[in-house]
Amino acid sequence: MKAREYRMLIDGDLIAGSSAFDVINPATAEPFAQCPKADEAILERAITAAKRAFPAWSAKSIEERARLVDKLADALEARAPEFAGLLTSEQGKPLDQAMFEIMGSVFTLRAFAQMRIEAKSIRNANGNLVIEHRTPLGVVAAITPWNFPVILLMNKLGPALVTGNTMVAKPAPTTPLTTLLFGEICKDILPPGVVNIICDQNDLGSKLTSHPDIAKVAFTGSTATGKKVMASAAGGVKRVTLELGGNDAAIVLDDVDPIAAAGKVYDGAMANAGQICVAIKRAYVPEAMYDDVCNELARLAKAAVVDDGANQGTQVGPIQNRMQFEKVKKLLDDARQRGRVLAGGAPLDRPGYFIPPTIIRDLDDDAPLVREEQFGPVLPVLKYSNIDDVIARANDSEYGLGGTVWGRDLDRAIEVAKRIDSGTVWVNQHLAIDPNIPFRGSKQSGIGGELGEAGLHEYTQAHIVNAVPL
Ligand code: NAD
């Protein structure tokens with residue numbers, strides 16, 4: 001059977017690249033498709049098209065733009081099984097989690113299509129009228145990572161388009177195909193140039209972010225790359241939103257049922273094989289229930305079905321790419337020397353990038369697995385005996401993305417949550433990300449925010465009109 005061809009959407013046309021590269025299925029470590037690759041000339045065409053499309057797109061009413069964003073959502077929903085299957089092939093996540101990401105993307109687009117930016121009257125007195133409008137910025141560069149390639153694009157595309165911007169999107173080189181498939185939908189629904197998609201092999205990102213015709217960079221990825229994006233945007237004083245890495249702590253309080261709490265923490269650490277920016281990446285447990293929680297976590301880890309995400313019943317798929325697989329392996333090799341492995345601990349002896357859910361106890365806070373972002377299904381479980389001390393330990397990180405607190409006394413749990421220095425803290429729940437609730441990182445986890453009305457405003461410039469009669 002002839003392999004399916006993928007094309008980049010540039011100025012309303014689906015085009016081949018200047019060359020192509022393999023896309024690997026992480027469950028087999030074998031290529032399963034080819035991705036077109038852009039060169040600088042194609043990048044230039046994409047930016048020129050987006051710039052040319054901007055005046056007409058931004059001049060449309062917000063209702064008309066929202067109507068088209070709604071149509072994108074409908075078309076994505078109609079092809080959801082196809083998108084989910086492709087997402088599993090390129091990303092590795094189990095099919096049910098892939099479907100969840102696609103339907104979450106549909107929901108996100110629809111939520112943004114409902115949102116409006118209103119002009120605000122700041123003063124209307126003694127003949128002085130002061131109004132704050134919000135105007136679109138121009139061409140937005142949307143750069144996405146490989147863990148949630150579809151929904152993280154929609155978090156940017158929804159608000160950017162509704163507020164009147166045009167876009168050049170660049171997916172991660174290891175998960176480009178679902179974005180290209182979405183380009184086919186955009187081609188049928190949007191005017192040419194409103195959305196353009198280029199694929200690279202980590203070589204065009206800086207050219208995109210530093211280009212003088214890019215007004216804003218919406219970036220999700222690692223903190224290391226985020227710093228480069230911020231530096232390259234400085235030349236043009238571009239707007240940036242950076243959604244970066246995290247090392248989220250879960251704090252289990254002493255009034256919980258240890259078995260039930262362990263189940264919640266396990267799910268928060270292992271979904272998407274731990275490759276979630278806000279995954280639980282270290283768990284702090286009271287001394288009195290430390291053994292019970294560790295043992296229950298280990299039981300759950302051992303019982304997990306680890307397999308190709310395309311197979312029914314799979315709970316944990318592979319790590320998405322070889323580089324990340326090697327990074328998690330290295331952290332594991334180190335952690336095995338320093339702590340006690342209760343479950344997992346080494347890659348599976350099979351093709352593909354499989355690391356089974358791993359629980360490690362008795363590490364100290366300076367172990368690399370505790371200090372660094374592991375981004376894999378490996379959870380260090382740490383002991384504490386004093387609440388002030390554990391809050392200080394949770395906050396002792398360059399990151400500040402999310403975090404969770406688990407406790408039966410809700411008021412007390414909320415008081416603890418308020419003291420965690422991060423953008424979001426969930427209490428007795430995890431991953432309650434909602435397009436209507438702003439999401440942002442503190443410290444080196446990011447700048448600016450996505451989602452909610454605040455996220456919508458990030459794609460606009462506040463503009464004051466201050467008038468008096470002649
Ligand atoms: P990455 O930083 O390696 O890559 C992200 C994107 O940046 C890719 O598209 C890549 O091609 C591109 N890129 C590479 N070099 C660039 C450059 N110099 N200029 C511009 N773009 C460049 O990240 P990743 O490994 O794909 O993703 C994992 C990371 O993303 C983790 O740290 C995770 O925590 C983070 N993440 C954060 C959030 C959030 O909302 N805060 C969400 C998901 C993932």
# chains A, B, ... in the order shown; residues from 1 in each chain; ligands from 1
>>> closest_atom_pairs(of="chain A", to="ligand 1", cutoff="6 Å", atoms="only C-alpha atoms and all ligand atoms", output="tab-separated table")
residue	atom	partner	partner_atom_place_in_ligand_line	distance
A:Ile143	CA	ligand 1	9 (O)	5.1
A:Thr144	CA	ligand 1	9 (O)	4.6
A:Pro145	CA	ligand 1	26 (O)	3.5
A:Trp146	CA	ligand 1	26 (O)	4.7
A:Lys170	CA	ligand 1	9 (O)	5.9
A:Pro171	CA	ligand 1	9 (O)	4.7
A:Ala172	CA	ligand 1	9 (O)	3.4
A:Pro173	CA	ligand 1	11 (O)	5.7
A:Asn202	CA	ligand 1	11 (O)	4.2
A:Gly205	CA	ligand 1	20 (C)	3.5
A:Ser206	CA	ligand 1	19 (N)	3.9
A:Thr220	CA	ligand 1	37 (C)	5.2
A:Gly221	CA	ligand 1	30 (O)	3.2
A:Ser222	CA	ligand 1	32 (O)	3.5
A:Thr225	CA	ligand 1	2 (O)	4.4
A:Lys228	CA	ligand 1	18 (N)	5.6
A:Val229	CA	ligand 1	19 (N)	5.1
A:Glu243	CA	ligand 1	41 (N)	3.5
A:Leu244	CA	ligand 1	41 (N)	3.9
A:Gly245	CA	ligand 1	34 (O)	3.3
A:Gly246	CA	ligand 1	34 (O)	5.2
A:Ile276	CA	ligand 1	43 (C)	5.9
A:Cys277	CA	ligand 1	34 (O)	3.6
>>> residues_around(residues="Ala49 of chain A", least_positions_apart="6", cutoff="10 Å", atoms="only C-alpha atoms", output="number ranges by chain")
A: 10-12, 43, 139, 166-168, 192-196
>>> closest_atom_pairs(of="segment 227-299 of chain A", to="segment 448-465 of chain A", cutoff="9 Å", atoms="only C-alpha atoms", output="tab-separated table")
residue	atom	partner	partner_atom	distance
A:Arg239	CA	A:Glu458	CA	8.3
A:Val240	CA	A:Gly448	CA	7.4
A:Thr241	CA	A:Gly448	CA	4.9
A:Leu242	CA	A:Gly448	CA	6.5
A:Glu243	CA	A:Gly449	CA	7.4
>>> closest_residue(among="A:Ala59, A:Leu410, A:Ala29, A:Met154", to="Gln320 of chain A", atoms="only C-alpha atoms")
A:Ala29
>>> select_by_dssp(residues="segment 8-149 of chain A", states="helix (DSSP H, G or I)", output="MDAnalysis selection string")
chainID A and resid 40:59 62:78 80:91 95:114
>>> decode(residues="segment 232-272 of chain A", atoms="N, CA and C atoms", output="PDB file, in the first residue's frame")
ATOM      1  N   SER A 232      15.794  35.645  21.192  1.00  0.00           N
ATOM      2  CA  SER A 232      15.705  35.981  19.765  1.00  0.00           C
ATOM      3  C   SER A 232      14.543  36.933  19.493  1.00  0.00           C
ATOM      4  N   ALA A 233      13.543  36.949  20.372  1.00  0.00           N
ATOM      5  CA  ALA A 233      12.426  37.877  20.184  1.00  0.00           C
ATOM      6  C   ALA A 233      12.785  39.283  20.644  1.00  0.00           C
ATOM      7  N   ALA A 234      13.856  39.397  21.416  1.00  0.00           N
ATOM      8  CA  ALA A 234      14.204  40.699  22.022  1.00  0.00           C
ATOM      9  C   ALA A 234      14.505  41.754  20.963  1.00  0.00           C
ATOM     10  N   GLY A 235      15.154  41.327  19.870  1.00  0.00           N
ATOM     11  CA  GLY A 235      15.555  42.284  18.833  1.00  0.00           C
ATOM     12  C   GLY A 235      14.386  43.101  18.309  1.00  0.00           C
ATOM     13  N   GLY A 236      13.237  42.457  18.144  1.00  0.00           N
ATOM     14  CA  GLY A 236      12.064  43.151  17.612  1.00  0.00           C
ATOM     15  C   GLY A 236      11.070  43.541  18.699  1.00  0.00           C
ATOM     16  N   VAL A 237      11.464  43.449  19.965  1.00  0.00           N
ATOM     17  CA  VAL A 237      10.564  43.662  21.107  1.00  0.00           C
ATOM     18  C   VAL A 237       9.210  42.970  20.829  1.00  0.00           C
ATOM     19  N   LYS A 238       9.312  41.726  20.429  1.00  0.00           N
ATOM     20  CA  LYS A 238       8.099  40.965  20.115  1.00  0.00           C
ATOM     21  C   LYS A 238       7.399  40.555  21.397  1.00  0.00           C
ATOM     22  N   ARG A 239       6.099  40.367  21.296  1.00  0.00           N
ATOM     23  CA  ARG A 239       5.361  39.782  22.414  1.00  0.00           C
ATOM     24  C   ARG A 239       5.706  38.298  22.469  1.00  0.00           C
ATOM     25  N   VAL A 240       5.870  37.772  23.673  1.00  0.00           N
ATOM     26  CA  VAL A 240       6.088  36.326  23.803  1.00  0.00           C
ATOM     27  C   VAL A 240       5.188  35.763  24.899  1.00  0.00           C
ATOM     28  N   THR A 241       4.670  34.579  24.675  1.00  0.00           N
ATOM     29  CA  THR A 241       4.187  33.788  25.808  1.00  0.00           C
ATOM     30  C   THR A 241       4.994  32.505  25.791  1.00  0.00           C
ATOM     31  N   LEU A 242       5.507  32.180  26.946  1.00  0.00           N
ATOM     32  CA  LEU A 242       6.351  31.003  27.078  1.00  0.00           C
ATOM     33  C   LEU A 242       5.703  30.067  28.091  1.00  0.00           C
ATOM     34  N   GLU A 243       5.333  28.895  27.623  1.00  0.00           N
ATOM     35  CA  GLU A 243       4.800  27.841  28.502  1.00  0.00           C
ATOM     36  C   GLU A 243       5.890  26.783  28.574  1.00  0.00           C
ATOM     37  N   LEU A 244       6.596  26.714  29.702  1.00  0.00           N
ATOM     38  CA  LEU A 244       7.845  25.946  29.728  1.00  0.00           C
ATOM     39  C   LEU A 244       7.760  24.742  30.669  1.00  0.00           C
ATOM     40  N   GLY A 245       8.892  24.294  31.109  1.00  0.00           N
ATOM     41  CA  GLY A 245       8.968  23.054  31.880  1.00  0.00           C
ATOM     42  C   GLY A 245       8.444  23.208  33.299  1.00  0.00           C
ATOM     43  N   GLY A 246       8.347  22.083  33.969  1.00  0.00           N
ATOM     44  CA  GLY A 246       7.887  22.091  35.354  1.00  0.00           C
ATOM     45  C   GLY A 246       8.501  20.940  36.127  1.00  0.00           C
ATOM     46  N   ASN A 247       8.437  21.040  37.446  1.00  0.00           N
ATOM     47  CA  ASN A 247       8.845  19.930  38.306  1.00  0.00           C
ATOM     48  C   ASN A 247       7.867  19.884  39.478  1.00  0.00           C
ATOM     49  N   ASP A 248       6.613  19.592  39.126  1.00  0.00           N
ATOM     50  CA  ASP A 248       5.519  19.783  40.072  1.00  0.00           C
ATOM     51  C   ASP A 248       5.572  18.804  41.246  1.00  0.00           C
ATOM     52  N   ALA A 249       5.364  19.374  42.419  1.00  0.00           N
ATOM     53  CA  ALA A 249       5.324  18.559  43.635  1.00  0.00           C
ATOM     54  C   ALA A 249       3.879  18.201  43.959  1.00  0.00           C
ATOM     55  N   ALA A 250       3.682  16.989  44.466  1.00  0.00           N
ATOM     56  CA  ALA A 250       2.397  16.614  45.081  1.00  0.00           C
ATOM     57  C   ALA A 250       2.660  16.554  46.577  1.00  0.00           C
ATOM     58  N   ILE A 251       1.859  17.266  47.365  1.00  0.00           N
ATOM     59  CA  ILE A 251       1.997  17.182  48.813  1.00  0.00           C
ATOM     60  C   ILE A 251       0.783  16.437  49.358  1.00  0.00           C
ATOM     61  N   VAL A 252       1.047  15.284  49.944  1.00  0.00           N
ATOM     62  CA  VAL A 252      -0.022  14.483  50.548  1.00  0.00           C
ATOM     63  C   VAL A 252      -0.092  14.884  52.020  1.00  0.00           C
ATOM     64  N   LEU A 253      -1.262  15.305  52.476  1.00  0.00           N
ATOM     65  CA  LEU A 253      -1.390  15.719  53.882  1.00  0.00           C
ATOM     66  C   LEU A 253      -1.719  14.501  54.757  1.00  0.00           C
ATOM     67  N   ASP A 254      -1.600  14.699  56.084  1.00  0.00           N
ATOM     68  CA  ASP A 254      -1.635  13.521  56.965  1.00  0.00           C
ATOM     69  C   ASP A 254      -3.053  13.050  57.315  1.00  0.00           C
ATOM     70  N   ASP A 255      -4.087  13.728  56.742  1.00  0.00           N
ATOM     71  CA  ASP A 255      -5.443  13.291  57.080  1.00  0.00           C
ATOM     72  C   ASP A 255      -6.102  12.472  55.966  1.00  0.00           C
ATOM     73  N   VAL A 256      -5.314  12.045  54.964  1.00  0.00           N
ATOM     74  CA  VAL A 256      -5.918  11.298  53.849  1.00  0.00           C
ATOM     75  C   VAL A 256      -5.874   9.791  54.094  1.00  0.00           C
ATOM     76  N   ASP A 257      -6.654   9.078  53.298  1.00  0.00           N
ATOM     77  CA  ASP A 257      -6.527   7.624  53.262  1.00  0.00           C
ATOM     78  C   ASP A 257      -5.331   7.321  52.343  1.00  0.00           C
ATOM     79  N   PRO A 258      -4.271   6.710  52.875  1.00  0.00           N
ATOM     80  CA  PRO A 258      -3.036   6.549  52.079  1.00  0.00           C
ATOM     81  C   PRO A 258      -3.247   5.784  50.776  1.00  0.00           C
ATOM     82  N   ILE A 259      -4.133   4.809  50.790  1.00  0.00           N
ATOM     83  CA  ILE A 259      -4.319   3.979  49.592  1.00  0.00           C
ATOM     84  C   ILE A 259      -5.016   4.795  48.495  1.00  0.00           C
ATOM     85  N   ALA A 260      -6.077   5.510  48.910  1.00  0.00           N
ATOM     86  CA  ALA A 260      -6.807   6.320  47.921  1.00  0.00           C
ATOM     87  C   ALA A 260      -5.893   7.429  47.384  1.00  0.00           C
ATOM     88  N   ALA A 261      -5.137   8.065  48.265  1.00  0.00           N
ATOM     89  CA  ALA A 261      -4.257   9.159  47.827  1.00  0.00           C
ATOM     90  C   ALA A 261      -3.190   8.625  46.870  1.00  0.00           C
ATOM     91  N   ALA A 262      -2.668   7.444  47.166  1.00  0.00           N
ATOM     92  CA  ALA A 262      -1.629   6.863  46.293  1.00  0.00           C
ATOM     93  C   ALA A 262      -2.188   6.680  44.877  1.00  0.00           C
ATOM     94  N   GLY A 263      -3.450   6.250  44.784  1.00  0.00           N
ATOM     95  CA  GLY A 263      -4.079   6.051  43.466  1.00  0.00           C
ATOM     96  C   GLY A 263      -4.142   7.344  42.675  1.00  0.00           C
ATOM     97  N   LYS A 264      -4.496   8.425  43.358  1.00  0.00           N
ATOM     98  CA  LYS A 264      -4.598   9.728  42.681  1.00  0.00           C
ATOM     99  C   LYS A 264      -3.212  10.207  42.235  1.00  0.00           C
ATOM    100  N   VAL A 265      -2.254  10.062  43.134  1.00  0.00           N
ATOM    101  CA  VAL A 265      -0.893  10.524  42.807  1.00  0.00           C
ATOM    102  C   VAL A 265      -0.330   9.696  41.646  1.00  0.00           C
ATOM    103  N   TYR A 266      -0.605   8.402  41.678  1.00  0.00           N
ATOM    104  CA  TYR A 266      -0.135   7.537  40.594  1.00  0.00           C
ATOM    105  C   TYR A 266      -0.656   8.022  39.242  1.00  0.00           C
ATOM    106  N   ASP A 267      -1.967   8.270  39.177  1.00  0.00           N
ATOM    107  CA  ASP A 267      -2.556   8.720  37.908  1.00  0.00           C
ATOM    108  C   ASP A 267      -1.933  10.039  37.454  1.00  0.00           C
ATOM    109  N   GLY A 268      -1.694  10.933  38.403  1.00  0.00           N
ATOM    110  CA  GLY A 268      -1.133  12.245  38.074  1.00  0.00           C
ATOM    111  C   GLY A 268       0.309  12.171  37.598  1.00  0.00           C
ATOM    112  N   ALA A 269       0.989  11.105  37.975  1.00  0.00           N
ATOM    113  CA  ALA A 269       2.396  10.966  37.578  1.00  0.00           C
ATOM    114  C   ALA A 269       2.553  10.192  36.276  1.00  0.00           C
ATOM    115  N   MET A 270       1.619   9.287  35.981  1.00  0.00           N
ATOM    116  CA  MET A 270       1.859   8.325  34.898  1.00  0.00           C
ATOM    117  C   MET A 270       1.058   8.573  33.627  1.00  0.00           C
ATOM    118  N   ALA A 271       0.049   9.458  33.663  1.00  0.00           N
ATOM    119  CA  ALA A 271      -0.713   9.712  32.435  1.00  0.00           C
ATOM    120  C   ALA A 271       0.243  10.199  31.352  1.00  0.00           C
ATOM    121  N   ASN A 272      -0.025   9.817  30.101  1.00  0.00           N
ATOM    122  CA  ASN A 272       0.837  10.180  28.956  1.00  0.00           C
ATOM    123  C   ASN A 272       2.295   9.771  29.211  1.00  0.00           C
TER     124      ASN A 272
END
